[in-house]
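Colleague: work_0.txt is reproduced below (compact mmCIF, C-alpha atoms and all ligand atoms).
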```
# COMPACT_ATOMS: atom_id res chain seq x y z
CA MET A 7 -19.06 -48.59 10.78
CA GLU A 8 -17.23 -45.72 12.55
CA VAL A 9 -15.11 -45.15 9.44
CA VAL A 10 -18.26 -44.87 7.29
CA MET A 11 -19.79 -42.36 9.73
CA GLY A 12 -16.57 -40.34 9.75
CA VAL A 13 -16.48 -40.23 5.95
CA ASN A 14 -20.16 -39.19 5.90
CA ARG A 15 -19.48 -36.36 8.35
CA LEU A 16 -16.52 -35.21 6.27
CA PHE A 17 -18.62 -35.14 3.08
CA GLU A 18 -21.38 -33.28 4.90
CA LYS A 19 -18.88 -30.66 6.15
CA VAL A 20 -17.29 -30.21 2.70
CA TYR A 21 -20.77 -29.94 1.14
CA ARG A 22 -21.84 -27.26 3.66
CA GLN A 23 -18.63 -25.30 3.04
CA MET A 24 -18.99 -25.49 -0.74
CA TYR A 25 -22.69 -24.55 -0.62
CA ARG A 26 -21.99 -21.53 1.54
CA ALA A 27 -18.99 -20.47 -0.52
CA VAL A 28 -20.96 -20.65 -3.80
CA GLN A 29 -23.75 -18.52 -2.24
CA VAL A 30 -21.29 -15.88 -1.10
CA HIS A 31 -18.54 -15.86 -3.71
CA GLY A 32 -20.05 -17.51 -6.81
CA LEU A 33 -18.94 -20.71 -8.52
CA PHE A 34 -15.72 -19.49 -10.13
CA ALA A 35 -14.34 -17.79 -7.02
CA THR A 36 -15.27 -20.88 -4.97
CA PHE A 37 -13.07 -23.06 -7.19
CA GLN A 38 -10.26 -20.53 -6.85
CA LEU A 39 -10.62 -20.56 -3.03
CA ALA A 40 -10.71 -24.38 -2.96
CA ALA A 41 -7.55 -24.54 -5.11
CA GLU A 42 -5.81 -22.06 -2.76
CA LYS A 43 -6.83 -24.14 0.25
CA LEU A 44 -5.45 -27.32 -1.32
CA ARG A 45 -2.23 -25.48 -2.20
CA ARG A 46 -1.84 -24.34 1.42
CA ALA A 47 -2.68 -27.79 2.79
CA SER A 48 -0.02 -29.35 0.58
CA GLY A 49 2.54 -26.91 1.96
CA ALA A 50 3.08 -25.29 -1.43
CA ALA A 51 2.14 -21.80 -0.31
CA GLY A 52 5.08 -19.46 -0.32
CA SER A 53 3.89 -17.19 2.50
CA PRO A 54 5.37 -17.63 5.99
CA THR A 55 3.19 -19.43 8.54
CA VAL A 56 3.61 -16.71 11.17
CA SER A 57 3.38 -13.06 10.23
CA ALA A 58 5.99 -10.55 11.39
CA PHE A 59 3.28 -8.89 13.52
CA ASP A 60 2.38 -12.07 15.41
CA GLU A 61 5.99 -13.09 15.82
CA LYS A 62 7.07 -9.68 17.10
CA TRP A 63 4.26 -9.28 19.64
CA ASN A 64 3.71 -12.93 20.52
CA VAL A 65 0.04 -12.91 19.56
CA GLN A 66 -2.08 -15.08 17.21
CA THR A 67 -3.92 -12.94 14.71
CA ASP A 68 -2.90 -14.74 11.49
CA GLY A 69 -5.26 -16.97 9.58
CA ASN A 70 -7.73 -17.38 6.83
CA GLU A 71 -10.76 -18.99 8.41
CA ASP A 72 -13.99 -19.92 6.72
CA LEU A 73 -17.13 -19.31 8.78
CA SER A 74 -18.26 -22.90 8.19
CA GLU A 75 -15.37 -23.98 10.43
CA LEU A 76 -16.30 -21.57 13.24
CA GLN A 77 -18.92 -21.34 15.99
CA VAL A 78 -21.15 -18.45 14.97
CA ILE A 79 -23.42 -17.38 17.85
CA ASP A 80 -26.20 -15.90 15.73
CA ARG A 81 -26.73 -17.58 12.37
CA THR A 82 -29.21 -15.02 10.97
CA ASN A 83 -26.50 -13.31 8.91
CA TYR A 84 -24.13 -16.25 8.63
CA LEU A 85 -24.58 -16.93 4.91
CA LEU A 86 -23.57 -13.41 3.92
CA GLY A 87 -20.73 -13.07 6.41
CA ASN A 88 -17.17 -13.07 5.09
CA ARG A 89 -14.32 -15.28 6.24
CA TYR A 90 -11.70 -14.14 8.75
CA GLN A 91 -8.66 -12.53 7.17
CA PRO A 92 -6.70 -9.97 9.17
CA THR A 93 -5.85 -6.49 7.90
CA ALA A 94 -2.14 -6.00 7.20
CA PRO A 95 -0.58 -3.52 9.68
CA GLU A 96 0.74 -1.38 6.78
CA MET A 97 -2.77 -1.14 5.34
CA PHE A 98 -4.25 -0.19 8.70
CA ASP A 99 -1.65 2.60 9.02
CA LYS A 100 -2.55 3.85 5.56
CA ILE A 101 -6.27 3.96 6.36
CA ILE A 102 -5.96 5.52 9.79
CA GLN A 103 -3.67 8.25 8.45
CA ALA A 104 -5.82 9.03 5.42
CA TYR A 105 -7.95 11.59 7.26
CA PRO A 106 -7.34 13.57 10.48
CA LEU A 107 -9.34 11.82 13.21
CA PRO A 108 -9.92 13.21 16.72
CA TYR A 109 -8.62 10.09 18.49
CA GLU A 110 -8.80 11.48 22.03
CA GLU A 111 -12.50 12.30 21.66
CA CYS A 112 -13.52 8.97 20.14
CA ILE A 113 -13.98 5.35 20.91
CA PHE A 114 -12.83 2.88 18.24
CA ILE A 115 -15.03 -0.04 17.15
CA ASP A 116 -14.04 -2.80 14.72
CA CYS A 117 -17.17 -4.51 13.39
CA GLY A 118 -16.19 -8.05 12.42
CA SER A 119 -13.05 -7.93 14.57
CA GLY A 120 -12.01 -11.59 14.28
CA LYS A 121 -8.87 -12.38 16.29
CA GLY A 122 -8.48 -8.71 17.16
CA ARG A 123 -5.44 -7.59 15.18
CA VAL A 124 -7.00 -4.22 14.32
CA LEU A 125 -7.91 -3.68 18.00
CA LEU A 126 -4.25 -4.13 18.92
CA LEU A 127 -3.11 -1.81 16.13
CA ALA A 128 -5.65 0.84 17.15
CA SER A 129 -4.37 0.71 20.74
CA GLU A 130 -1.23 2.51 19.56
CA LEU A 131 -3.46 5.57 19.17
CA PRO A 132 -4.97 7.53 22.07
CA PHE A 133 -8.60 6.40 21.62
CA ARG A 134 -10.84 6.58 24.69
CA ARG A 135 -11.46 2.86 24.47
CA ILE A 136 -11.54 0.11 21.87
CA ILE A 137 -14.25 -2.46 21.18
CA GLY A 138 -14.23 -5.41 18.81
CA VAL A 139 -17.53 -6.92 17.68
CA GLU A 140 -17.32 -10.43 16.24
CA PHE A 141 -20.04 -13.07 15.81
CA ALA A 142 -17.73 -16.14 15.82
CA SER A 143 -17.20 -17.10 19.46
CA ASP A 144 -13.95 -19.01 18.79
CA LEU A 145 -12.41 -15.91 17.20
CA THR A 146 -13.63 -13.71 20.06
CA ILE A 147 -11.90 -15.98 22.60
CA ILE A 148 -8.64 -15.73 20.62
CA ALA A 149 -9.05 -11.92 20.49
CA GLU A 150 -9.45 -11.82 24.29
CA THR A 151 -6.24 -13.84 24.71
CA ASN A 152 -4.42 -11.52 22.29
CA ILE A 153 -5.61 -8.42 24.16
CA LYS A 154 -4.24 -9.85 27.41
CA ALA A 155 -0.91 -10.74 25.79
CA PHE A 156 -0.38 -7.42 24.00
CA HIS A 157 1.74 -4.98 25.99
CA ILE A 158 3.97 -2.80 23.90
CA PRO A 159 5.90 0.34 24.76
CA THR A 160 4.03 2.46 22.21
CA GLN A 161 0.54 1.52 23.43
CA LYS A 162 -1.67 4.55 24.12
CA CYS A 163 -5.04 2.96 24.86
CA TRP A 164 -5.37 0.17 27.43
CA ILE A 165 -9.14 -0.26 27.55
CA LEU A 166 -9.79 -2.98 24.99
CA GLU A 167 -12.74 -5.33 24.83
CA ALA A 168 -13.78 -8.14 22.46
CA VAL A 169 -17.56 -8.64 22.34
CA CYS A 170 -19.20 -11.68 20.77
CA ALA A 171 -22.22 -10.27 18.91
CA ASP A 172 -23.73 -9.80 15.50
CA ALA A 173 -22.67 -6.35 14.30
CA THR A 174 -26.10 -5.61 12.81
CA ILE A 175 -27.72 -5.61 16.26
CA PHE A 176 -24.82 -4.56 18.47
CA PRO A 177 -25.97 -1.60 20.63
CA PHE A 178 -23.44 1.12 19.80
CA PRO A 179 -22.18 3.14 22.76
CA VAL A 180 -23.50 6.68 22.52
CA GLU A 181 -20.10 8.34 22.16
CA PRO A 182 -18.11 9.92 19.34
CA THR A 183 -16.94 6.95 17.32
CA VAL A 184 -14.44 5.79 14.74
CA LEU A 185 -15.90 2.61 13.24
CA TYR A 186 -13.67 0.26 11.25
CA MET A 187 -14.83 -2.59 9.04
CA ALA A 188 -12.85 -4.79 6.66
CA ASN A 189 -15.55 -5.99 4.27
CA PRO A 190 -17.19 -8.13 6.97
CA PHE A 191 -20.44 -8.91 5.18
CA GLU A 192 -22.22 -8.86 1.85
CA GLY A 193 -25.31 -7.30 0.25
CA VAL A 194 -28.43 -7.18 2.37
CA VAL A 195 -26.46 -7.65 5.60
CA MET A 196 -24.46 -4.52 4.78
CA GLU A 197 -27.78 -2.75 4.11
CA LYS A 198 -29.06 -3.90 7.50
CA PHE A 199 -25.86 -2.75 9.16
CA LEU A 200 -26.01 0.69 7.53
CA SER A 201 -29.63 1.12 8.72
CA HIS A 202 -28.53 0.10 12.21
CA VAL A 203 -25.80 2.78 12.20
CA GLU A 204 -28.20 5.39 10.77
CA ASN A 205 -30.84 4.61 13.42
CA SER A 206 -28.26 5.05 16.14
CA LEU A 207 -27.20 8.42 14.69
CA ARG A 208 -30.81 9.57 14.26
CA GLU A 209 -31.49 8.77 17.90
CA TYR A 210 -28.18 10.10 19.26
CA PRO A 211 -26.49 12.52 16.84
CA ARG A 212 -22.73 12.50 17.44
CA THR A 213 -19.40 12.53 15.64
CA PHE A 214 -19.09 9.27 13.71
CA PHE A 215 -16.38 8.24 11.27
CA VAL A 216 -16.44 5.07 9.20
CA LEU A 217 -13.22 3.52 7.88
CA TYR A 218 -14.19 0.93 5.29
CA ARG A 219 -11.48 -1.47 4.04
CA ASN A 220 -12.24 -3.30 0.74
CA PRO A 221 -15.27 -1.07 0.17
CA LYS A 222 -17.30 -3.42 -2.00
CA TYR A 223 -20.58 -1.82 -0.92
CA ALA A 224 -19.35 1.79 -0.87
CA SER A 225 -22.30 2.84 -3.04
CA LEU A 226 -24.66 2.12 -0.11
CA TRP A 227 -22.67 4.44 2.14
CA ASP A 228 -22.23 7.01 -0.66
CA ASN A 229 -26.02 7.22 -0.93
CA SER A 230 -26.67 7.59 2.79
CA LYS A 231 -27.83 11.06 3.75
CA TYR A 232 -26.12 10.58 7.10
CA PHE A 233 -22.62 10.33 5.63
CA LEU A 234 -20.20 12.22 3.48
CA LYS A 235 -17.27 10.45 1.83
CA VAL A 236 -14.17 12.41 2.81
CA CYS A 237 -11.52 10.19 1.27
CA SER A 238 -11.36 7.12 -0.94
CA THR A 239 -9.06 4.85 -2.91
CA GLU A 240 -9.66 1.42 -4.44
CA GLU A 241 -8.51 -0.11 -1.16
CA PHE A 242 -10.61 1.85 1.33
CA ALA A 243 -13.11 4.66 1.88
CA VAL A 244 -13.50 7.08 4.79
CA TYR A 245 -16.86 8.59 5.73
CA LYS A 246 -17.79 11.28 8.21
CA ASN A 247 -21.32 11.73 9.40
CA VAL A 248 -23.29 14.83 8.55
CA ILE A 249 -24.75 16.15 11.79
C1 LIG B 301 -12.29 -9.92 6.74
S1 LIG B 301 -12.46 -10.33 8.47
C2 LIG B 301 -11.84 -8.84 9.21
C3 LIG B 301 -11.10 -9.06 10.51
C4 LIG B 301 -10.58 -7.81 11.21
N1 LIG B 301 -11.55 -6.76 11.23
C5 LIG B 301 -9.34 -7.30 10.54
O1 LIG B 301 -9.48 -6.40 9.69
O2 LIG B 301 -8.24 -7.77 10.84
C6 LIG B 301 -14.25 -10.21 8.64
C7 LIG B 301 -14.76 -10.69 10.00
O3 LIG B 301 -16.13 -10.32 10.12
C8 LIG B 301 -16.80 -11.32 10.88
N2 LIG B 301 -18.24 -11.18 10.62
C9 LIG B 301 -18.92 -11.48 9.49
N3 LIG B 301 -20.23 -11.19 9.61
C10 LIG B 301 -20.40 -10.68 10.88
C11 LIG B 301 -21.52 -10.18 11.59
N4 LIG B 301 -22.75 -10.15 11.06
N5 LIG B 301 -21.31 -9.73 12.86
C12 LIG B 301 -20.08 -9.75 13.43
N6 LIG B 301 -18.99 -10.23 12.78
C13 LIG B 301 -19.13 -10.68 11.52
C14 LIG B 301 -16.16 -12.61 10.38
O4 LIG B 301 -16.35 -13.68 11.29
C15 LIG B 301 -14.70 -12.19 10.23
O5 LIG B 301 -13.98 -12.45 11.41
```
Please lay out the structure from this file as structure tokens.
Modeller:
Amino acid sequence: MEVVMGVNRLFEKVYRQMYRAVQVHGLFATFQLAAEKLRRASGAAGSPTVSAFDEKWNVQTDGNEDLSELQVIDRTNYLLGNRYQPTAPEMFDKIIQAYPLPYEECIFIDCGSGKGRVLLLASELPFRRIIGVEFASDLTIIAETNIKAFHIPTQKCWILEAVCADATIFPFPVEPTVLYMANPFEGVVMEKFLSHVENSLREYPRTFFVLYRNPKYASLWDNSKYFLKVCSTEEFAVYKNVI
């Protein structure tokens, strides 16, 4: 009887994952993702299990986690949220150096911060403080542990915080800001998020940069009257607000 219930639960979980994946990625990409997952599970993947970053700094930011396997505190935007995949340190360096940013004047916020790798990378720059916003509570707890464990000689910002919240309703601090996002959500959720940022800027005009990795919805930001695109490649786009 217990075996039957276990098998039922497993089928239910796989069904929920597949349903969500098809909604977000489409049928073809879902099969590709499933094949990749099977390949990894069978140990056939060629990539190392621990990244050089995690090994060097004794943190745990690696992973490729589907939201269906995580505890998401607010499920309103769950279906259009993207899985956890950390930004490569080399890519972060490329993005952060693409445009001169006034680090000392700004706070840094990563929306969809996952296990916090980008927060740790940003702490090598003299930001006023650093905030990660992530709606999966399990990832937020890992980010908090990573923040505590991360002490490196080149660190220039020591005020780091991981907040468990949905980015589309997170109350932005009213300070000059550099906002980072690595394609955290799709379609209408990105629209909602953009409106949320615009409302905050309308209410409290201030310096506001947006660093957008994997800019799938760049056209939304391109069309915002609050922002000007100051730099872009296929891999990322940088926006500055128009005050
Ligand atoms: C591609 S990962 C990026 C992780 C991290 N920013 C990095 O670059 O290393 C996207 C993250 O966004 C989170 N996410 C998706 N929708 C969200 C939402 N509405 N609010 C907060 N976090 C969200 C996911 O849980 C996931 O951890």
Colleague: At a cut-off of 7 Å and counting only C-alpha atoms and all ligand atoms, what residues surround ligand LIG 301 (chain B)? Please answer as a PyMOL selection string.
Modeller: chain A and resi 73+83-84+86-93+116-120+122-124+139-142+145+171-174+187-191
Colleague: Would you mind reading off the distance between CA of Ile165 (chain A) and CA of Phe114 (chain A), one decimal, in Å?
Modeller: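 Going from CA of Ile165 (chain A) over to CA of Phe114 (chain A) covers 10.5 Å.
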Colleague: What's around Val216 (chain A) at 6 Å? Count all atoms listed in the file, leave out sequence neighbours fewer than 5 positions away in its own chain, and write the answer as number ranges by chain.
Modeller: A: 184-186, 244-245
Colleague: Can you tell me which residues surround Lys222 (chain A) at a distance of at most 10 Å, considering only C-alpha atoms, apart from same-chain residues fewer than 6 positions away, and format the answer as a list in words?
Modeller: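 Result of the neighbour search: Ala188, Asn189, Phe191, Glu192, Gly193, Met196, Glu240, Glu241, Phe242 and Ala243 of chain A.
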Colleague: What is the CA of Asp72 (chain A) to CA of Asp60 (chain A) distance in Å?
Modeller: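 We find that CA of Asp72 (chain A) and CA of Asp60 (chain A) lie 20.1 Å from each other.
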Colleague: At most 10 Å from (5.1, 2.2, 22.0), file frame, only C-alpha atoms: which residues, as a compact mmCIF listing (two decimals) with C-alpha atoms, in the frame of the given file?
Modeller:
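Okay, this is what ended up in result25.txt:
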```txt
# COMPACT_ATOMS: atom_id res chain seq x y z
CA SER A 129 -4.37 0.71 20.74
CA GLU A 130 -1.23 2.51 19.56
CA LEU A 131 -3.46 5.57 19.17
CA HIS A 157 1.74 -4.98 25.99
CA ILE A 158 3.97 -2.80 23.90
CA PRO A 159 5.90 0.34 24.76
CA THR A 160 4.03 2.46 22.21
CA GLN A 161 0.54 1.52 23.43
CA LYS A 162 -1.67 4.55 24.12
```
Colleague: Mind pulling up the distance from CA of Leu85 (chain A) to CA of Thr151 (chain A)?
Modeller: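 Result for CA of Thr151 (chain A) versus CA of Leu85 (chain A): 27.2 Å, one decimal.
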Colleague: Compile the contact shell of Pro182 (chain A) as a list in words: residues with an atom at most 8 Å away, counting all atoms listed in the file, same-chain residues fewer than 3 positions apart removed.
Modeller: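 Skipping anything fewer than 3 positions along the chain leaves Glu111, Cys112, Ile113, Arg212, Thr213 and Phe214 of chain A.
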Colleague: Write out as a tab-separated table (two decimals) with C-alpha atoms, keeping the file's coordinate frame which residues come within 10 Å of Cys163 (chain A) when counting all atoms listed in the file, dropping same-chain ones fewer than 5 positions away.
Modeller:
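Below is the file that was written, selection.tsv:
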```tsv
chain	number	residue	atom	x	y	z
A	110	GLU	CA	-8.80	11.48	22.03
A	125	LEU	CA	-7.91	-3.68	18.00
A	126	LEU	CA	-4.25	-4.13	18.92
A	128	ALA	CA	-5.65	0.84	17.15
A	129	SER	CA	-4.37	0.71	20.74
A	130	GLU	CA	-1.23	2.51	19.56
A	131	LEU	CA	-3.46	5.57	19.17
A	132	PRO	CA	-4.97	7.53	22.07
A	133	PHE	CA	-8.60	6.40	21.62
A	134	ARG	CA	-10.84	6.58	24.69
A	135	ARG	CA	-11.46	2.86	24.47
A	136	ILE	CA	-11.54	0.11	21.87
```
Colleague: May I ask which of the residues A:Gln66, A:Ser74, A:Asn205, A:Gln103 is the closest one to Thr146 (chain A), counting all atoms listed in the file?
Modeller: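 Residue with the minimum atom-to-atom distance to Thr146 (chain A): A:Gln66.
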Colleague: Of the candidates A:Asp144, A:Glu209, A:Glu197, A:Glu204, which shows the shortest atom-to-atom distance to Val78 (chain A), using all atoms listed in the file?
Modeller: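 With all atoms listed in the file as the atom set, the closest residue is A:Asp144.
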Colleague: With distances taken over only C-alpha atoms, which residue among A:Val169, A:Ile175, A:Leu207, A:Leu107 lies nearest Ala149 (chain A)?
Modeller: A:Val169
Colleague: Can you work out which one of A:Ala224, A:Cys237, A:Leu127, A:Leu166 has the shortest atom-to-atom distance to Phe98 (chain A), counting only C-alpha atoms?
Modeller: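 Looking only at the distances to Phe98 (chain A), the closest residue turns out to be A:Leu127.
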